[in-house]
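Novice: Handing over query_31.cif, mmCIF, C-alpha atoms.
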data_final
#
loop_
_atom_site.label_atom_id
_atom_site.label_comp_id
_atom_site.auth_asym_id
_atom_site.auth_seq_id
_atom_site.Cartn_x
_atom_site.Cartn_y
_atom_site.Cartn_z
CA MET D 216 -99.04 59.72 5.66
CA LYS D 217 -101.16 58.12 8.33
CA THR D 218 -101.44 59.58 11.81
CA LYS D 219 -102.78 57.82 14.86
CA LYS D 220 -105.60 59.35 16.86
CA LYS D 221 -104.79 60.17 20.46
CA ASP D 222 -108.11 61.76 21.42
CA ASN D 223 -109.18 59.27 24.10
CA MET D 224 -105.72 58.58 25.47
CA LYS D 225 -105.49 59.04 29.25
CA VAL D 226 -102.28 60.09 30.95
CA SER D 227 -101.30 58.35 34.19
CA ALA D 228 -100.41 60.32 37.31
CA GLY D 229 -96.79 59.17 37.02
CA GLU D 230 -96.58 60.33 33.41
CA GLU D 231 -98.06 63.70 34.34
CA LEU D 232 -95.45 64.16 37.10
CA ARG D 233 -92.69 63.18 34.68
CA ARG D 234 -93.90 65.78 32.19
CA LEU D 235 -94.07 68.47 34.87
CA GLY D 236 -90.54 67.60 35.97
CA ASN D 237 -89.28 67.79 32.41
CA ARG D 238 -90.94 71.19 32.05
CA TRP D 239 -89.28 72.42 35.26
CA VAL D 240 -85.86 71.26 34.03
CA PHE D 241 -86.47 72.84 30.62
CA ASP D 242 -87.51 76.19 32.14
CA CYS D 243 -84.49 76.24 34.49
CA ALA D 244 -82.08 75.32 31.72
CA ASN D 245 -83.43 78.06 29.47
CA ARG D 246 -83.05 80.57 32.27
CA LEU D 247 -79.42 79.51 32.79
CA ILE D 248 -78.76 79.81 29.05
CA GLU D 249 -80.42 83.22 28.66
CA ASP D 250 -79.49 84.93 31.92
CA GLU D 251 -76.19 83.29 32.83
CA GLY D 252 -74.82 82.62 29.34
CA MET D 253 -74.30 78.96 30.18
CA GLU D 254 -73.76 76.44 27.37
CA ARG D 255 -76.85 74.36 26.53
CA LYS D 256 -75.39 71.00 27.62
CA ASN D 257 -74.15 72.38 30.95
CA ALA D 258 -77.40 74.25 31.59
CA PHE D 259 -79.51 71.12 31.17
CA ARG D 260 -77.10 69.10 33.31
CA GLN D 261 -77.25 71.71 36.08
CA ALA D 262 -81.06 71.99 35.89
CA ALA D 263 -81.44 68.19 36.06
CA LYS D 264 -79.08 68.10 39.06
CA ALA D 265 -81.23 70.71 40.81
CA TYR D 266 -84.44 68.81 39.99
CA HIS D 267 -83.04 65.59 41.48
CA LEU D 268 -81.90 67.48 44.58
CA LEU D 269 -85.41 68.88 45.06
CA GLY D 270 -86.86 65.40 44.80
CA ARG D 271 -84.52 64.06 47.45
CA LEU D 272 -85.03 67.06 49.73
CA GLY D 273 -88.72 66.20 49.72
CA LYS D 274 -88.02 62.60 50.76
CA GLY D 275 -85.35 62.90 53.43
CA GLU D 276 -82.12 64.48 54.61
CA VAL D 277 -79.55 65.48 51.99
CA LEU D 278 -75.95 66.61 52.34
CA PHE D 279 -74.91 68.71 49.34
CA GLU D 280 -72.41 71.36 48.32
CA TYR D 281 -72.84 74.70 46.63
CA VAL D 282 -70.99 77.97 46.19
CA LYS D 283 -72.41 80.85 48.21
CA ALA D 284 -72.95 84.29 46.65
CA ASN D 285 -69.72 85.51 48.25
CA GLY D 286 -67.73 82.66 46.60
CA GLU D 287 -67.39 80.53 49.73
CA LEU D 288 -67.91 76.76 49.43
CA ARG D 289 -70.78 75.57 51.63
CA LYS D 290 -71.69 72.04 52.67
CA ALA D 291 -75.35 72.05 53.61
CA ARG D 292 -77.48 69.47 55.37
CA GLY D 293 -81.06 70.13 54.35
CA THR D 294 -84.54 68.75 53.87
CA LEU D 295 -88.11 69.62 52.94
CA CYS D 296 -89.48 66.46 54.55
CA ARG D 297 -91.62 66.53 57.68
CA GLY D 298 -90.57 64.40 60.66
CA ILE D 299 -86.85 65.20 60.56
CA SER D 300 -86.78 68.55 62.38
CA SER D 301 -89.21 69.76 65.03
CA VAL D 302 -88.67 73.35 63.86
CA LEU D 303 -89.68 72.45 60.31
CA ASP D 304 -92.62 70.38 61.59
CA SER D 305 -94.00 73.35 63.53
CA TYR D 306 -93.50 75.86 60.69
CA GLU D 307 -96.71 77.28 59.17
CA PHE D 308 -96.46 77.54 55.39
CA LYS D 309 -98.46 80.23 53.58
CA ASN D 310 -100.13 77.81 51.15
CA GLY D 311 -99.86 74.61 53.19
CA ARG D 312 -96.56 73.41 51.70
CA PRO D 313 -93.08 74.79 51.01
CA ASP D 314 -92.33 76.59 47.76
CA MET D 315 -89.37 74.34 46.98
CA GLY D 316 -87.96 75.50 43.69
CA ARG D 317 -88.70 78.32 41.34
CA ALA D 318 -87.75 77.75 37.73
CA GLU D 319 -88.45 81.38 36.85
CA SER D 320 -86.03 82.71 39.49
CA GLY D 321 -83.53 79.85 39.28
CA THR D 322 -83.49 79.20 43.02
CA ILE D 323 -83.94 76.23 45.34
CA VAL D 324 -85.39 76.79 48.80
CA TYR D 325 -84.52 74.24 51.48
CA PHE D 326 -84.61 73.91 55.26
CA ASP D 327 -81.08 73.95 56.68
CA LEU D 328 -80.89 71.36 59.49
CA ASP D 329 -77.73 72.85 61.03
CA LYS D 330 -78.98 76.46 61.21
CA GLU D 331 -82.65 75.43 61.63
CA GLU D 332 -83.98 77.98 59.15
CA PHE D 333 -84.85 78.23 55.49
CA ARG D 334 -82.10 79.00 53.01
CA CYS D 335 -81.95 79.32 49.26
CA LEU D 336 -79.33 78.80 46.62
CA HIS D 337 -79.10 79.63 42.97
CA ILE D 338 -79.19 76.61 40.68
CA ARG D 339 -76.01 77.71 38.88
CA ASN D 340 -74.10 77.43 42.20
CA LEU D 341 -75.10 73.85 43.03
CA LEU D 342 -72.05 71.61 42.92
CA THR D 343 -72.96 68.10 44.03
CA GLU D 344 -75.07 65.95 46.29
CA ILE D 345 -72.92 64.02 48.73
CA THR D 346 -75.34 61.75 50.59
CA PHE D 347 -79.03 61.14 50.94
CA ARG D 348 -80.73 59.58 53.96
CA ASN D 349 -84.32 58.56 53.50
CA GLU D 350 -86.31 58.67 56.72
CA ARG D 351 -87.96 55.35 55.88
CA ASN D 352 -84.87 53.18 55.56
CA GLU D 353 -82.30 55.35 57.42
CA ARG D 354 -79.42 54.51 55.10
CA ASN D 355 -76.99 56.67 53.19
CA VAL D 356 -77.06 56.57 49.44
CA ALA D 357 -74.18 58.05 47.46
CA ALA D 358 -75.03 60.45 44.66
CA GLN D 359 -74.96 59.00 41.17
CA TRP D 360 -74.10 62.07 39.09
#
Go through the file and emit its structure as C-alpha coordinates.
Specialist:
Amino acid sequence: MKTKKKDNMKVSAGEELRRLGNRWVFDCANRLIEDEGMERKNAFRQAAKAYHLLGRLGKGEVLFEYVKANGELRKARGTLCRGISSVLDSYEFKNGRPDMGRAESGTIVYFDLDKEEFRCLHIRNLLTEITFRNERNERNVAAQW
(Lines of atoms letter the chains of each structure in order from A and count residues from 1; the text may use other names and numbers.)
(Lines give C-alpha, C1' and ligand atoms only; values in the text may rest on other atoms or scores of the structure.)
Protein backbone atom coordinates (compact mmCIF):
# COMPACT_ATOMS: atom_id res chain seq x y z
CA MET A 1 0.00 0.00 0.00
CA LYS A 2 1.28 3.41 -0.97
CA THR A 3 0.50 6.50 1.07
CA LYS A 4 0.92 10.07 -0.05
CA LYS A 5 3.00 12.48 1.99
CA LYS A 6 1.15 15.49 3.35
CA ASP A 7 4.02 17.04 5.31
CA ASN A 8 4.31 20.32 3.39
CA MET A 9 0.61 20.75 2.70
CA LYS A 10 -0.72 24.16 3.77
CA VAL A 11 -4.31 24.66 4.86
CA SER A 12 -6.16 27.74 3.63
CA ALA A 13 -7.96 30.06 6.03
CA GLY A 14 -11.32 28.98 4.59
CA GLU A 15 -10.49 25.31 5.11
CA GLU A 16 -9.40 25.99 8.68
CA LEU A 17 -12.72 27.76 9.41
CA ARG A 18 -14.63 24.87 7.85
CA ARG A 19 -12.80 22.40 10.06
CA LEU A 20 -13.47 24.48 13.18
CA GLY A 21 -17.15 24.67 12.25
CA ASN A 22 -17.32 20.92 11.74
CA ARG A 23 -15.69 20.44 15.14
CA TRP A 24 -18.24 22.76 16.78
CA VAL A 25 -21.13 20.84 15.18
CA PHE A 26 -19.57 17.52 16.21
CA ASP A 27 -19.10 18.64 19.83
CA CYS A 28 -22.66 19.98 20.07
CA ALA A 29 -24.15 16.86 18.52
CA ASN A 30 -22.25 14.63 20.93
CA ARG A 31 -23.48 16.69 23.84
CA LEU A 32 -27.08 16.34 22.63
CA ILE A 33 -26.62 12.58 22.24
CA GLU A 34 -24.99 12.06 25.65
CA ASP A 35 -26.87 14.55 27.81
CA GLU A 36 -30.25 14.77 26.11
CA GLY A 37 -30.52 11.21 24.77
CA MET A 38 -31.20 12.52 21.28
CA GLU A 39 -30.84 10.19 18.29
CA ARG A 40 -27.60 10.66 16.33
CA LYS A 41 -29.25 11.88 13.10
CA ASN A 42 -31.44 14.41 14.93
CA ALA A 43 -28.56 15.60 17.11
CA PHE A 44 -26.36 16.37 14.11
CA ARG A 45 -29.25 18.07 12.31
CA GLN A 46 -29.97 20.24 15.36
CA ALA A 47 -26.28 21.10 15.87
CA ALA A 48 -25.89 22.06 12.19
CA LYS A 49 -29.01 24.22 12.44
CA ALA A 50 -27.53 26.01 15.46
CA TYR A 51 -24.18 26.49 13.69
CA HIS A 52 -25.89 28.08 10.67
CA LEU A 53 -27.93 30.33 12.97
CA LEU A 54 -24.74 31.53 14.68
CA GLY A 55 -23.21 32.33 11.31
CA ARG A 56 -26.20 34.40 10.28
CA LEU A 57 -26.43 36.15 13.65
CA GLY A 58 -22.89 37.35 13.06
CA LYS A 59 -23.79 38.78 9.65
CA GLY A 60 -27.14 40.49 10.21
CA GLU A 61 -30.60 40.39 11.73
CA VAL A 62 -32.30 37.00 12.09
CA LEU A 63 -35.87 36.11 13.00
CA PHE A 64 -36.03 32.61 14.48
CA GLU A 65 -38.17 30.45 16.73
CA TYR A 66 -37.33 28.37 19.77
CA VAL A 67 -39.04 26.84 22.77
CA LYS A 68 -38.32 28.61 26.05
CA ALA A 69 -37.41 26.67 29.20
CA ASN A 70 -41.00 27.04 30.44
CA GLY A 71 -42.36 25.43 27.22
CA GLU A 72 -43.56 28.67 25.63
CA LEU A 73 -42.91 29.22 21.91
CA ARG A 74 -40.78 32.33 21.32
CA LYS A 75 -40.15 34.21 18.08
CA ALA A 76 -36.93 36.14 18.52
CA ARG A 77 -35.35 38.87 16.43
CA GLY A 78 -31.64 38.81 17.17
CA THR A 79 -28.15 39.60 15.98
CA LEU A 80 -24.48 39.58 16.93
CA CYS A 81 -23.58 42.07 14.20
CA ARG A 82 -22.46 45.61 14.95
CA GLY A 83 -24.29 48.50 13.28
CA ILE A 84 -27.84 47.20 13.78
CA SER A 85 -28.50 48.28 17.37
CA SER A 86 -26.97 51.25 19.19
CA VAL A 87 -27.22 49.34 22.49
CA LEU A 88 -25.19 46.45 21.07
CA ASP A 89 -22.71 48.87 19.46
CA SER A 90 -22.02 50.54 22.81
CA TYR A 91 -21.72 47.27 24.76
CA GLU A 92 -18.23 46.50 26.13
CA PHE A 93 -17.37 42.82 25.73
CA LYS A 94 -14.98 41.20 28.21
CA ASN A 95 -12.63 39.82 25.54
CA GLY A 96 -13.42 42.25 22.72
CA ARG A 97 -16.11 40.13 21.06
CA PRO A 98 -19.27 38.24 22.05
CA ASP A 99 -19.06 34.64 23.21
CA MET A 100 -21.62 33.47 20.66
CA GLY A 101 -22.04 29.76 21.14
CA ARG A 102 -20.69 27.24 23.57
CA ALA A 103 -20.53 23.68 22.33
CA GLU A 104 -19.67 22.39 25.80
CA SER A 105 -22.78 23.94 27.38
CA GLY A 106 -25.06 23.55 24.35
CA THR A 107 -26.17 27.18 24.34
CA ILE A 108 -26.37 30.03 21.84
CA VAL A 109 -26.00 33.60 23.08
CA TYR A 110 -27.58 36.35 20.97
CA PHE A 111 -28.59 39.99 21.28
CA ASP A 112 -32.39 40.31 21.31
CA LEU A 113 -33.34 43.37 19.23
CA ASP A 114 -36.83 43.65 20.73
CA LYS A 115 -35.76 43.52 24.39
CA GLU A 116 -32.36 45.14 23.72
CA GLU A 117 -30.41 42.73 25.90
CA PHE A 118 -28.51 39.49 25.59
CA ARG A 119 -30.43 36.23 25.74
CA CYS A 120 -29.48 32.60 25.41
CA LEU A 121 -31.21 29.46 24.26
CA HIS A 122 -30.36 25.81 24.44
CA ILE A 123 -29.56 24.23 21.09
CA ARG A 124 -32.09 21.43 21.64
CA ASN A 125 -34.88 24.06 21.79
CA LEU A 126 -34.10 25.78 18.49
CA LEU A 127 -36.94 25.22 16.04
CA THR A 128 -36.33 27.16 12.85
CA GLU A 129 -34.93 30.28 11.26
CA ILE A 130 -37.66 32.32 9.62
CA THR A 131 -35.85 35.17 7.89
CA PHE A 132 -32.41 36.66 7.60
CA ARG A 133 -31.64 40.27 6.71
CA ASN A 134 -28.05 41.05 5.88
CA GLU A 135 -27.10 44.62 6.67
CA ARG A 136 -25.21 44.91 3.39
CA ASN A 137 -28.03 44.13 0.98
CA GLU A 138 -31.07 44.75 3.24
CA ARG A 139 -33.13 41.90 1.82
CA ASN A 140 -34.93 39.02 3.45
CA VAL A 141 -33.77 35.53 2.72
CA ALA A 142 -35.97 32.57 3.64
CA ALA A 143 -34.38 29.74 5.58
CA GLN A 144 -33.40 26.70 3.56
CA TRP A 145 -33.67 23.94 6.17
Novice: So that I can check the surroundings of Lys256 in chain D, please list as a ChimeraX atom specification every protein, DNA and RNA residue that reaches within 12 Å of it, counting only C-alpha atoms and ignoring chain neighbours fewer than 3 positions away.
Specialist: /D:241,244-245,247-248,252-253,259-263
Novice: Please produce a file of those selected residues containing C-alpha atoms, as an mmCIF file, keeping the file's coordinate frame.
Specialist:
data_model
loop_
_atom_site.group_PDB
_atom_site.id
_atom_site.type_symbol
_atom_site.label_atom_id
_atom_site.label_comp_id
_atom_site.auth_asym_id
_atom_site.auth_seq_id
_atom_site.Cartn_x
_atom_site.Cartn_y
_atom_site.Cartn_z
ATOM 1 C CA PHE D 241 -86.470 72.840 30.620
ATOM 2 C CA ALA D 244 -82.080 75.320 31.720
ATOM 3 C CA ASN D 245 -83.430 78.060 29.470
ATOM 4 C CA LEU D 247 -79.420 79.510 32.790
ATOM 5 C CA ILE D 248 -78.760 79.810 29.050
ATOM 6 C CA GLY D 252 -74.820 82.620 29.340
ATOM 7 C CA MET D 253 -74.300 78.960 30.180
ATOM 8 C CA PHE D 259 -79.510 71.120 31.170
ATOM 9 C CA ARG D 260 -77.100 69.100 33.310
ATOM 10 C CA GLN D 261 -77.250 71.710 36.080
ATOM 11 C CA ALA D 262 -81.060 71.990 35.890
ATOM 12 C CA ALA D 263 -81.440 68.190 36.060
#
Novice: One decimal, in Å: what's the spacing between CA of Val302 in chain D and CA of Val277 in chain D?
Specialist: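 Atom-to-atom, CA of Val302 in chain D to CA of Val277 in chain D, that is 16.9 Å.
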Novice: What is the CA of Gly321 in chain D to CA of Ser227 in chain D distance in Å?
Specialist: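 Answer for the CA of Gly321 in chain D to CA of Ser227 in chain D separation: 28.4 Å.
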Novice: Return the single residue from D:Ile323, D:Ala258, D:Cys243, D:Ala291 that is closest to Gly273 in chain D, with distances computed using only C-alpha atoms.
Specialist: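 Smallest distance to Gly273 in chain D is found for D:Ile323.
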Novice: Exactly which residues make up the result of the PyMOL selection byres ((chain D and resi 287-290) around 10) on this file, given as number ranges by chain?
Specialist: D: 278-286, 291-293, 340-345
Novice: In Å, how far is it from CA of Lys225 in chain D to CA of Leu269 in chain D?
Specialist: 27.4 Å
Novice: Name every residue that the PyMOL selection byres ((chain D and resi 326) around 9) selects in this structure, writing the answer as a VMD selection string with chains first and numbers rising.
Specialist: chain D and resid 272 292 to 296 303 324 to 325 327 to 328 330 to 335
Novice: Counting all atoms listed in the file, write as a ChimeraX atom specification all protein and nucleic acid residues lying at most 8 Å from (-87.0, 70.4, 37.3) in the file's frame.
Specialist: /D:235-243,262-263,265-267,318
